[in-house]
Each structure stands twice: as structure tokens, then as C-alpha cells.
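Quick look at target.cif (mmCIF, C-alpha atoms):
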```cif
data_data
#
loop_
_atom_site.label_atom_id
_atom_site.label_comp_id
_atom_site.auth_asym_id
_atom_site.auth_seq_id
_atom_site.Cartn_x
_atom_site.Cartn_y
_atom_site.Cartn_z
CA MET A 1 -121.07 118.52 -51.62
CA LYS A 2 -120.51 118.76 -47.86
CA ARG A 3 -117.79 116.09 -48.06
CA LEU A 4 -115.96 118.06 -50.75
CA SER A 5 -116.13 121.21 -48.60
CA VAL A 6 -114.64 119.36 -45.61
CA GLU A 7 -111.87 117.89 -47.76
CA ARG A 8 -111.01 121.33 -49.15
CA LYS A 9 -110.84 122.80 -45.64
CA THR A 10 -108.56 119.94 -44.58
CA LEU A 11 -106.27 120.51 -47.57
CA ALA A 12 -106.25 124.26 -46.94
CA SER A 13 -105.27 123.59 -43.32
CA GLU A 14 -102.50 121.25 -44.48
CA ALA A 15 -101.20 123.90 -46.88
CA TYR A 16 -101.42 126.57 -44.17
CA HIS A 17 -99.38 124.56 -41.66
CA TYR A 18 -96.84 123.60 -44.32
CA LEU A 19 -96.30 127.22 -45.33
CA TYR A 20 -96.41 128.54 -41.77
CA LYS A 21 -93.71 126.11 -40.62
CA ASP A 22 -91.43 126.96 -43.54
CA ILE A 23 -91.90 130.70 -42.94
CA ILE A 24 -91.20 130.45 -39.21
CA THR A 25 -88.13 128.23 -39.67
CA LEU A 26 -86.90 130.48 -42.48
CA LYS A 27 -86.96 127.86 -45.21
CA TYR A 28 -88.85 130.64 -46.94
CA LYS A 29 -86.74 133.67 -46.19
CA PRO A 30 -88.12 137.18 -45.63
CA GLY A 31 -88.49 138.92 -49.00
CA GLN A 32 -88.49 135.65 -50.95
CA MET A 33 -91.10 135.18 -53.68
CA ILE A 34 -93.14 131.97 -53.59
CA TYR A 35 -95.71 130.68 -56.08
CA GLU A 36 -99.04 128.87 -55.85
CA ASN A 37 -98.19 126.37 -58.58
CA ASP A 38 -94.92 125.34 -56.96
CA ILE A 39 -96.53 124.84 -53.56
CA ALA A 40 -99.45 122.90 -55.02
CA LYS A 41 -97.01 120.58 -56.81
CA GLU A 42 -94.92 120.09 -53.68
CA LEU A 43 -98.02 119.13 -51.68
CA GLY A 44 -99.70 117.22 -54.48
CA ILE A 45 -102.92 119.20 -54.20
CA SER A 46 -104.84 121.69 -56.32
CA ARG A 47 -104.22 125.44 -56.26
CA THR A 48 -107.53 126.27 -54.54
CA PRO A 49 -106.63 125.15 -50.98
CA VAL A 50 -103.13 126.61 -51.45
CA ARG A 51 -104.69 129.94 -52.40
CA GLU A 52 -106.91 129.82 -49.29
CA ALA A 53 -103.87 129.17 -47.09
CA ILE A 54 -101.96 132.02 -48.72
CA HIS A 55 -104.83 134.47 -48.13
CA LEU A 56 -105.01 133.46 -44.47
CA LEU A 57 -101.26 133.92 -44.03
CA ALA A 58 -101.51 137.27 -45.80
CA SER A 59 -104.22 138.35 -43.35
CA GLU A 60 -101.84 137.41 -40.53
CA GLU A 61 -99.08 139.51 -42.16
CA PHE A 62 -96.73 136.65 -42.95
CA LEU A 63 -97.20 136.94 -46.70
CA ALA A 64 -97.84 139.83 -49.08
CA ILE A 65 -99.77 139.19 -52.30
CA LYS A 66 -98.13 141.08 -55.18
CA PRO A 67 -100.46 141.32 -58.21
CA GLN A 68 -98.85 140.10 -61.44
CA LYS A 69 -95.73 139.08 -59.50
CA GLY A 70 -96.45 136.41 -56.94
CA ILE A 71 -96.46 136.08 -53.19
CA GLN A 72 -93.71 137.57 -51.09
CA VAL A 73 -92.71 136.44 -47.62
CA GLN A 74 -93.08 139.45 -45.36
CA TYR A 75 -89.98 140.96 -43.83
CA ILE A 76 -89.68 140.70 -40.05
CA SER A 77 -90.95 143.82 -38.30
CA LYS A 78 -89.26 144.52 -34.97
CA LYS A 79 -92.30 146.58 -33.94
CA LYS A 80 -94.66 143.71 -34.77
CA VAL A 81 -92.43 141.27 -32.89
CA GLN A 82 -92.44 143.50 -29.80
CA GLU A 83 -96.21 144.06 -29.93
CA SER A 84 -96.90 140.36 -30.40
CA TYR A 85 -94.50 139.45 -27.63
CA ARG A 86 -96.28 141.70 -25.13
CA VAL A 87 -99.63 140.09 -25.95
CA ARG A 88 -98.14 136.59 -25.80
CA GLU A 89 -96.42 137.19 -22.47
CA SER A 90 -99.52 138.59 -20.82
CA LEU A 91 -101.79 135.75 -21.93
CA GLU A 92 -99.31 132.90 -21.54
CA VAL A 93 -98.36 134.00 -18.03
CA THR A 94 -102.08 134.00 -17.18
CA ALA A 95 -102.43 130.45 -18.49
CA PHE A 96 -99.36 129.07 -16.71
CA LYS A 97 -100.43 130.68 -13.41
CA GLU A 98 -103.90 129.18 -13.80
CA VAL A 99 -102.40 125.73 -14.33
CA ALA A 100 -100.12 126.17 -11.29
CA THR A 101 -103.11 127.23 -9.18
CA LEU A 102 -105.27 124.29 -10.19
CA TRP A 103 -102.61 121.56 -10.36
CA ASP A 104 -103.49 118.52 -8.25
CA SER A 105 -100.76 115.88 -8.21
CA SER A 106 -103.21 113.26 -6.89
CA SER A 107 -105.46 113.61 -9.96
CA HIS A 108 -105.02 111.12 -12.79
CA ILE A 109 -105.59 113.97 -15.26
CA TYR A 110 -102.62 115.92 -13.95
CA LYS A 111 -100.50 112.78 -13.61
CA ALA A 112 -101.08 112.12 -17.31
CA ALA A 113 -100.32 115.78 -18.11
CA LYS A 114 -97.02 115.59 -16.23
CA LYS A 115 -96.09 112.42 -18.11
CA ASP A 116 -96.75 114.23 -21.40
CA LEU A 117 -94.68 117.27 -20.37
CA ILE A 118 -91.74 115.10 -19.28
CA ALA A 119 -91.90 113.21 -22.60
CA ILE A 120 -91.85 116.50 -24.55
CA ILE A 121 -88.81 117.70 -22.59
CA ALA A 122 -87.07 114.38 -23.30
CA GLU A 123 -87.67 114.83 -27.04
CA GLN A 124 -86.37 118.38 -26.80
CA ARG A 125 -83.26 117.19 -24.97
CA TYR A 126 -82.62 114.58 -27.68
CA ALA A 127 -82.95 117.27 -30.37
CA ALA A 128 -80.50 119.50 -28.49
CA GLU A 129 -77.96 116.71 -28.08
CA ASN A 130 -78.09 116.07 -31.82
CA ASP A 131 -78.11 119.77 -32.79
CA GLN A 132 -81.48 119.41 -34.51
CA VAL A 133 -82.59 123.03 -34.37
CA ASP A 134 -85.84 122.56 -36.30
CA ASP A 135 -86.96 119.69 -34.06
CA PHE A 136 -85.89 121.58 -30.95
CA TYR A 137 -87.98 124.56 -32.02
CA GLN A 138 -90.99 122.34 -32.71
CA TYR A 139 -90.81 120.69 -29.28
CA ASP A 140 -90.45 124.09 -27.65
CA GLU A 141 -93.78 125.02 -29.23
CA VAL A 142 -95.31 121.69 -28.20
CA PHE A 143 -94.28 122.22 -24.56
CA HIS A 144 -95.94 125.63 -24.35
CA ASP A 145 -98.99 124.36 -26.26
CA LYS A 146 -99.38 121.49 -23.80
CA VAL A 147 -99.56 123.85 -20.82
CA LEU A 148 -102.05 126.05 -22.69
CA ASP A 149 -104.17 122.95 -23.37
CA ILE A 150 -104.06 121.97 -19.68
CA CYS A 151 -105.32 125.45 -18.82
CA GLY A 152 -108.41 124.72 -20.90
CA ASN A 153 -109.18 128.32 -21.93
CA GLN A 154 -109.72 127.86 -25.66
CA THR A 155 -110.13 131.58 -26.40
CA LEU A 156 -106.84 132.41 -24.70
CA THR A 157 -105.07 129.53 -26.42
CA THR A 158 -106.31 130.57 -29.85
CA ILE A 159 -105.14 134.16 -29.40
CA VAL A 160 -101.70 133.11 -28.14
CA ARG A 161 -101.19 130.79 -31.11
CA GLN A 162 -102.22 133.56 -33.50
CA VAL A 163 -99.92 136.26 -32.15
CA ARG A 164 -96.79 134.33 -31.36
CA GLY A 165 -95.89 133.55 -34.97
CA HIS A 166 -94.34 136.99 -35.35
CA VAL A 167 -92.19 136.33 -32.29
CA ASN A 168 -91.26 132.86 -33.47
CA ARG A 169 -89.10 133.84 -36.42
CA MET A 170 -86.95 135.78 -33.96
CA ARG A 171 -87.01 132.87 -31.52
CA TYR A 172 -85.94 130.48 -34.26
CA LEU A 173 -83.00 132.76 -35.09
CA GLU A 174 -82.19 132.88 -31.37
CA PHE A 175 -82.11 129.07 -31.19
CA PHE A 176 -80.05 128.89 -34.36
CA GLU A 177 -77.52 131.53 -33.30
CA THR A 178 -77.11 131.00 -29.56
CA ARG A 179 -77.62 127.23 -29.21
CA GLU A 180 -78.74 128.00 -25.61
CA MET A 181 -80.80 124.85 -25.69
CA ASP A 182 -79.70 123.59 -22.27
CA ARG A 183 -80.97 126.79 -20.62
CA ILE A 184 -84.36 126.45 -22.30
CA ILE A 185 -84.66 122.78 -21.30
CA ASP A 186 -83.69 123.65 -17.71
CA ASP A 187 -86.38 126.35 -17.67
CA HIS A 188 -88.97 123.84 -18.86
CA ASP A 189 -87.90 121.34 -16.20
CA GLN A 190 -88.15 124.00 -13.49
CA LEU A 191 -91.52 125.21 -14.75
CA VAL A 192 -92.97 121.70 -14.43
CA THR A 193 -91.58 121.39 -10.89
CA LEU A 194 -92.93 124.81 -9.84
CA ILE A 195 -96.33 124.11 -11.36
CA GLU A 196 -96.49 120.81 -9.43
CA GLN A 197 -95.68 122.75 -6.25
CA ASN A 198 -98.50 125.24 -7.00
CA ASN A 199 -95.84 127.96 -6.75
CA VAL A 200 -97.68 130.58 -8.77
CA LEU A 201 -95.33 133.49 -8.05
CA GLU A 202 -92.18 131.62 -9.08
CA VAL A 203 -93.89 130.22 -12.18
CA GLU A 204 -94.68 133.79 -13.26
CA LYS A 205 -91.15 135.03 -12.55
CA LEU A 206 -89.44 132.17 -14.39
CA LEU A 207 -91.80 132.24 -17.38
CA VAL A 208 -91.37 136.00 -17.86
CA ASN A 209 -87.58 135.64 -17.85
CA HIS A 210 -87.85 132.61 -20.15
CA LEU A 211 -89.94 134.44 -22.72
CA ARG A 212 -88.04 137.71 -22.54
CA ASN A 213 -84.64 136.16 -23.19
CA VAL A 214 -84.98 136.51 -26.97
CA SER A 215 -85.11 140.30 -26.61
CA ASN A 216 -81.49 140.21 -25.42
CA TYR A 217 -80.48 139.16 -28.92
CA TYR A 218 -82.65 141.48 -31.04
CA ASP A 219 -79.86 143.89 -31.94
CA ASP A 220 -77.28 141.17 -32.66
CA ILE A 221 -79.73 139.25 -34.84
CA MET A 222 -80.76 142.36 -36.75
CA ARG A 223 -77.12 143.25 -37.39
CA LYS A 224 -76.32 139.74 -38.62
CA TYR A 225 -79.44 139.38 -40.80
CA PRO A 226 -80.25 142.92 -42.00
CA ASP A 227 -81.90 141.60 -45.18
CA TYR A 228 -84.55 139.81 -43.12
CA PHE A 229 -85.95 142.96 -41.53
CA ASN A 230 -88.25 145.75 -42.58
CA ALA A 231 -86.13 148.88 -42.20
CA GLN A 232 -89.22 151.03 -41.52
CA SER A 233 -90.69 148.99 -38.70
#
```
How would this structure read if it were set down as C-alpha cells?
Amino acid sequence: MKRLSVERKTLASEAYHYLYKDIITLKYKPGQMIYENDIAKELGISRTPVREAIHLLASEEFLAIKPQKGIQVQYISKKKVQESYRVRESLEVTAFKEVATLWDSSSHIYKAAKKDLIAIIAEQRYAAENDQVDDFYQYDEVFHDKVLDICGNQTLTTIVRQVRGHVNRMRYLEFFETREMDRIIDDHDQLVTLIEQNNVLEVEKLLVNHLRNVSNYYDDIMRKYPDYFNAQS
């Protein structure tokens, strides 16, 4: 019985990440209806773990369950994006500053961490050179996740990962529209260098500018994709 419970949780997690990724990268567009049966067939699993994933995404305000109709992808709320961004910035800046404070280039742990960060940036650069927006977005997430993991504050990391999804649909549109991938890669390169130098003040300054850049495109994105946004929020 316990084994079945673990398997169901694993399948529910798989369904959650599958749906989350397709919502964030706009494979499932805001306002689109999706259906349990279709998703279960695509994943080759039963409806039960799919239903669990849908309820979790609904609780996070990415999906809306419409009785007798189906499940609708929530429209993007500018207010929710701005609120989530403020939380993300505050917590992520705290994490990056902590890493910059503690970084010890002589430690094998930090040497391994730097190697991982450089490898992530290399993958991101390859994605940019080949105009692979989805891959570029994924490696952007992986870079930030890696620094959060180095920080080691699991509570902070969990909260950041929960709130940033509402920012990420806007960030994905930013990547897709602006193709400012070189700037983002340069920022990541500089952040690694500044962290190595224990330059906490410059890490904070660069990271704030890095994260806030998407807000420069809010109005343009909303004008270009009006059907993606909730007019009331």
C-alpha cells in the first residue's frame, strides 16, 4: 500500500511539472481549456495523479477548475506578477548576497559549484546561439536555482520557487520578444565573478537590475498579447 502511495505521488509530481512547464512556456495559452483525459493519455498515466496535479496548480492560481466545463489556464494578472516579483526579488537577493558572503574559492565545495555554474552558462549560451528560447528559459531557471541551492536555505528556496511562476510567464514572453539573451548571459557571467570576489554590494546591485529588466517590457507585452491578460487585474 505504501509503495502504491509513493508511486502515485511520483506520478502526480511528473504531471505537475509537465503542466507547469507548458503553462509557463505558453504551450497552454492563458484562457485555454485543458482536459484531464487528454493529459493522462499524453503522459500515459491514470487520471488520479493528473487530477492531483491540476488541484495543486489551481491552488497556485495557474489553473481554474470550471465545473461541467473543464480546466482553464488562468489569464496573466499584472498585479499578481508585480506582487510575486517583489517577493522573489527580496528573497533571491538575500540568497545571492549570502552566497557572496560565504564564498570561499579555496574550498572544493565552492570550486565544484563554480564548475556547475559555468557549465549552466555554457548551455545557456548554446541555446541562445541556436535561438532555442525554451531551452534558454530552462537554463535561466537552472542558473538561479543553483545559486539558491548553494545558499542552503531550504525554506527560502521553496518560497522563491513557489512565487516566481507568476513572473515567469512574463519573463518567457520577454525572452521570446526581445531576444536579449546575450545581456542575460553577460549578467550571469558577472554575477559569478562578483560572487567569487565576495563583492556583496555589487552582487545586489546587478541582481536587482537583472531581475527588474522584465518590467521595462510589461506595457509592450500587454499591448501585443492582450488576450493573455486579465483585464481586471
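Of the residues under consideration (A:Val192, A:Ala113, A:Leu19, A:Ala40), A:Leu19 shows the shortest atom-to-atom contact distance to Leu56 (chain A) when counting all atoms listed in the file.
Closest approach to Tyr20 (chain A) from the set A:His144, A:Lys111, A:Gly152, A:Arg169 is made by A:Arg169, with distances taken over all atoms listed in the file.
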Residues near Gly31 (chain A), cut-off 12 Å, only C-alpha atoms, skip fewer than 3 positions along chain, as number ranges by chain: A: 23, 26-28, 34, 62-66, 70-76, 226-230
Residues matched by the PyMOL selection byres ((chain A and resi 206-222) around 10) as a PyMOL selection string: chain A and resi 76+78+81-82+85-86+88-90+92-93+96-97+167-168+170-175+177-178+183-184+187-188+190-191+194+201-205+223-229
Of the listed residues A:Arg125, A:Arg47, A:Lys114, A:His55, that which approaches Ile150 (chain A) most closely, counting only C-alpha atoms: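 When distances to Ile150 (chain A) are compared using only C-alpha atoms, the smallest one comes from A:Lys114.
Shown here are all protein and nucleic acid residues lying within 6 Å of (-85.6, 121.5, -27.5), with all atoms listed in the file considered: Gln124, Arg125, Ala127, Ala128, Phe136, Tyr137, Tyr139 and Asp140 of chain A.
When all atoms listed in the file are used to compute distances to Glu61 (chain A), the closest of the residues A:Val163, A:Cys151, A:Ile121, A:Val142 turns out to be A:Val163.
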